[in-house]
Each structure stands twice: as C-alpha cells, then as structure tokens.
Amino acid sequence: MSARKPVALVLFVSDNSPRSIVAIANVRQALETAIGSNFALEIVDVFKDPHRALAARVLVTPTLLAPAAAQRLVGDLSDRPNLLYFLRGVQPAGGPSADESARSTG
C-alpha cells in the first residue's frame, strides 16, 4: 500500500503578532495530537511574502487555508471544535476522522 500524499495547509500570519503565535501553536497542537491524517503545514508571513497572501486572497491574519479543498478558517484557531471540524473536512476520504483521533488520544 502506498503512502498518501499529505494534505497541504497554509497558515498565513502577521510576523510575530500575539494572535499569529497563538494560531501557530493551536494548529500544530491539533495536528500533532488529534488528527490522524497526513498534513503538511506551511507558515507564510504576509509581511515577508505579501504577493502570496494577495494571490490567495488573504485579507485577515491569521488565516488557515486548505488550497485543494478551497476552504479557509480565520482567527487564532483557539476554537478547537471548529478547528477539528475544518481539518476533518479537508482530509482525504478514508482517513480517520478528527473525532475518532480525538477519542483515541483521550
């Protein structure tokens, strides 16, 4: 059985703003502890790469973008149920759901 290609996620942040720091920690923690699928997280600082933010139509930071699913989640990602719902919606069919992974980790 071949390994599945990781689901690409892009987190657009504003330098080291407090909300961006919280968003980075929240998404990393969710991916490490509650999600069983294979995700590839890229963090883009809109001050260092403004053209990328414009191309993705990111107007507010932090913004978590799942390009393949054309979905986005805006804010510091501290609403864990909403973050897990988002991640469950962008993972490939047949992968474990966020709920199943959360239950298995306690």
# chains A, B, ... in the order shown; residues from 1 in each chain; ligands from 1
>>> select_by_dssp(residues="region 4-104 of chain A", states="alpha helix (DSSP H)", output="PyMOL selection string")
chain A and resi 18-33+50-55+80-90+98-104
>>> select_by_dssp(residues="region 14-95 of chain A", states="strand (DSSP E or B)", output="list of chain:residue names")
A:Phe39, A:Ala40, A:Leu41, A:Glu42, A:Ile43, A:Val44, A:Asp45, A:Thr63, A:Leu64, A:Leu65, A:Ala66, A:Gln71, A:Arg72, A:Leu73, A:Val74
>>> closest_atom_pairs(of="region 44-69 of chain A", to="region 7-10 of chain A", cutoff="6 Å", atoms="only C-alpha atoms", output="Markdown table")
| residue | atom | partner | partner_atom | distance |
| --- | --- | --- | --- | --- |
| A:Leu64 | CA | A:Val10 | CA | 5.8 |
| A:Leu65 | CA | A:Val10 | CA | 5.0 |
| A:Ala66 | CA | A:Leu9 | CA | 4.8 |
>>> write_last_selection(atoms="N, CA and C atoms", output="PDB file, in the first residue's frame")
ATOM      1  N   LEU A  64      -6.021  30.129   8.077  1.00  0.00           N
ATOM      2  CA  LEU A  64      -5.606  28.777   7.722  1.00  0.00           C
ATOM      3  C   LEU A  64      -6.311  28.411   6.430  1.00  0.00           C
ATOM      4  N   LEU A  65      -5.538  28.040   5.428  1.00  0.00           N
ATOM      5  CA  LEU A  65      -6.070  27.766   4.100  1.00  0.00           C
ATOM      6  C   LEU A  65      -5.762  26.318   3.714  1.00  0.00           C
ATOM      7  N   ALA A  66      -6.765  25.658   3.177  1.00  0.00           N
ATOM      8  CA  ALA A  66      -6.590  24.327   2.587  1.00  0.00           C
ATOM      9  C   ALA A  66      -6.822  24.493   1.091  1.00  0.00           C
TER      10      ALA A  66
END
>>> residues_around(residues="region 40-52 of chain A", least_positions_apart="4", cutoff="10 Å", atoms="only C-alpha atoms", output="PDB file with C-alpha atoms, in the first residue's frame")
ATOM      1  CA  LYS A   5       0.205  12.492  -0.372  1.00  0.00           C
ATOM      2  CA  PRO A   6      -0.053  14.912   2.566  1.00  0.00           C
ATOM      3  CA  VAL A   7      -2.931  17.375   2.640  1.00  0.00           C
ATOM      4  CA  ALA A   8      -1.442  20.848   2.158  1.00  0.00           C
ATOM      5  CA  LEU A   9      -2.357  23.511   4.685  1.00  0.00           C
ATOM      6  CA  VAL A  10      -1.097  27.088   4.577  1.00  0.00           C
ATOM      7  CA  LEU A  11      -1.268  29.307   7.658  1.00  0.00           C
ATOM      8  CA  PHE A  12      -0.938  32.994   6.820  1.00  0.00           C
ATOM      9  CA  VAL A  13       0.325  35.031   9.784  1.00  0.00           C
ATOM     10  CA  SER A  14       1.417  38.581  10.565  1.00  0.00           C
ATOM     11  CA  ASP A  15       5.011  38.439  11.707  1.00  0.00           C
ATOM     12  CA  ASN A  16       5.120  37.600  15.422  1.00  0.00           C
ATOM     13  CA  SER A  20      -0.393  34.640  14.960  1.00  0.00           C
ATOM     14  CA  ILE A  24       0.555  28.561  15.065  1.00  0.00           C
ATOM     15  CA  VAL A  27      -2.873  24.326  14.647  1.00  0.00           C
ATOM     16  CA  ARG A  28       0.355  22.477  15.423  1.00  0.00           C
ATOM     17  CA  LEU A  31      -2.281  18.278  14.038  1.00  0.00           C
ATOM     18  CA  ALA A  56      -4.604  33.582  -2.054  1.00  0.00           C
ATOM     19  CA  ARG A  57      -6.975  36.480  -1.329  1.00  0.00           C
ATOM     20  CA  VAL A  58      -5.988  36.583   2.327  1.00  0.00           C
ATOM     21  CA  LEU A  59      -7.169  39.854   3.822  1.00  0.00           C
ATOM     22  CA  VAL A  60      -7.031  38.975   7.514  1.00  0.00           C
ATOM     23  CA  THR A  61      -4.480  37.103   9.584  1.00  0.00           C
ATOM     24  CA  PRO A  62      -4.216  34.536  10.917  1.00  0.00           C
ATOM     25  CA  THR A  63      -5.888  32.541   8.121  1.00  0.00           C
ATOM     26  CA  LEU A  64      -5.606  28.777   7.722  1.00  0.00           C
ATOM     27  CA  LEU A  65      -6.070  27.766   4.100  1.00  0.00           C
ATOM     28  CA  ALA A  66      -6.590  24.327   2.587  1.00  0.00           C
TER      29      ALA A  66
END
>>> closest_residue(among="A:Ser78, A:Phe39, A:Arg4, A:Ala69", to="Ala23 (chain A)", atoms="only C-alpha atoms")
A:Ser78
>>> atom_distance(atom1="CA of Leu54 (chain A)", atom2="CA of Arg80 (chain A)")
27.2 Å
>>> closest_residue(among="A:Asn38, A:Val22, A:Glu32, A:Ala55", to="Asp79 (chain A)", atoms="only C-alpha atoms")
A:Val22
>>> atom_distance(atom1="CA of Leu87 (chain A)", atom2="CA of Ser17 (chain A)")
23.5 Å
>>> atom_distance(atom1="CA of Ala53 (chain A)", atom2="CA of Gln29 (chain A)")
23.8 Å
>>> decode(residues="region 20-49 of chain A", atoms="N, CA and C atoms", output="compact mmCIF listing (two decimals), in the first residue's frame")
# COMPACT_ATOMS: atom_id res chain seq x y z
N SER A 20 -1.09 35.56 15.86
CA SER A 20 -0.39 34.64 14.96
C SER A 20 0.35 33.56 15.74
N ILE A 21 0.99 33.94 16.83
CA ILE A 21 1.71 32.97 17.66
C ILE A 21 0.73 31.95 18.24
N VAL A 22 -0.42 32.42 18.71
CA VAL A 22 -1.44 31.52 19.25
C VAL A 22 -1.97 30.59 18.15
N ALA A 23 -2.22 31.13 16.97
CA ALA A 23 -2.73 30.31 15.86
C ALA A 23 -1.74 29.22 15.47
N ILE A 24 -0.47 29.55 15.40
CA ILE A 24 0.56 28.56 15.06
C ILE A 24 0.55 27.44 16.10
N ALA A 25 0.54 27.81 17.37
CA ALA A 25 0.54 26.80 18.44
C ALA A 25 -0.72 25.94 18.38
N ASN A 26 -1.87 26.57 18.15
CA ASN A 26 -3.13 25.82 18.12
C ASN A 26 -3.19 24.83 16.97
N VAL A 27 -2.79 25.25 15.79
CA VAL A 27 -2.87 24.33 14.65
C VAL A 27 -1.84 23.21 14.78
N ARG A 28 -0.66 23.52 15.25
CA ARG A 28 0.35 22.48 15.42
C ARG A 28 -0.10 21.46 16.47
N GLN A 29 -0.66 21.94 17.56
CA GLN A 29 -1.13 21.05 18.61
C GLN A 29 -2.26 20.16 18.10
N ALA A 30 -3.19 20.71 17.35
CA ALA A 30 -4.29 19.92 16.80
C ALA A 30 -3.77 18.87 15.84
N LEU A 31 -2.82 19.23 15.01
CA LEU A 31 -2.28 18.28 14.04
C LEU A 31 -1.48 17.17 14.72
N GLU A 32 -0.79 17.51 15.79
CA GLU A 32 0.05 16.53 16.48
C GLU A 32 -0.74 15.58 17.37
N THR A 33 -1.81 16.05 17.97
CA THR A 33 -2.48 15.25 18.99
C THR A 33 -3.84 14.71 18.59
N ALA A 34 -4.54 15.37 17.71
CA ALA A 34 -5.93 14.97 17.48
C ALA A 34 -6.24 14.50 16.08
N ILE A 35 -5.37 14.69 15.16
CA ILE A 35 -5.67 14.36 13.77
C ILE A 35 -4.75 13.23 13.32
N GLY A 36 -5.35 12.20 12.75
CA GLY A 36 -4.56 11.06 12.32
C GLY A 36 -4.12 11.13 10.87
N SER A 37 -4.66 12.04 10.11
CA SER A 37 -4.31 12.12 8.69
C SER A 37 -2.94 12.77 8.50
N ASN A 38 -2.50 12.72 7.30
CA ASN A 38 -1.20 13.23 6.91
C ASN A 38 -1.36 14.66 6.38
N PHE A 39 -0.89 15.63 7.15
CA PHE A 39 -0.98 17.03 6.76
C PHE A 39 0.41 17.61 6.61
N ALA A 40 0.56 18.55 5.69
CA ALA A 40 1.81 19.31 5.52
C ALA A 40 1.46 20.78 5.77
N LEU A 41 1.97 21.32 6.86
CA LEU A 41 1.67 22.70 7.24
C LEU A 41 2.79 23.62 6.78
N GLU A 42 2.40 24.67 6.07
CA GLU A 42 3.34 25.71 5.66
C GLU A 42 2.89 27.01 6.31
N ILE A 43 3.83 27.74 6.89
CA ILE A 43 3.51 29.02 7.52
C ILE A 43 4.08 30.13 6.66
N VAL A 44 3.21 31.08 6.29
CA VAL A 44 3.60 32.19 5.42
C VAL A 44 3.39 33.50 6.18
N ASP A 45 4.45 34.27 6.32
CA ASP A 45 4.37 35.60 6.94
C ASP A 45 3.98 36.60 5.85
N VAL A 46 2.83 37.24 6.01
CA VAL A 46 2.35 38.14 4.97
C VAL A 46 3.23 39.37 4.80
N PHE A 47 4.02 39.71 5.80
CA PHE A 47 4.93 40.84 5.67
C PHE A 47 6.14 40.48 4.81
N LYS A 48 6.54 39.21 4.85
CA LYS A 48 7.68 38.76 4.07
C LYS A 48 7.27 38.30 2.67
N ASP A 49 6.02 37.89 2.51
CA ASP A 49 5.54 37.38 1.22
C ASP A 49 4.13 37.92 0.92
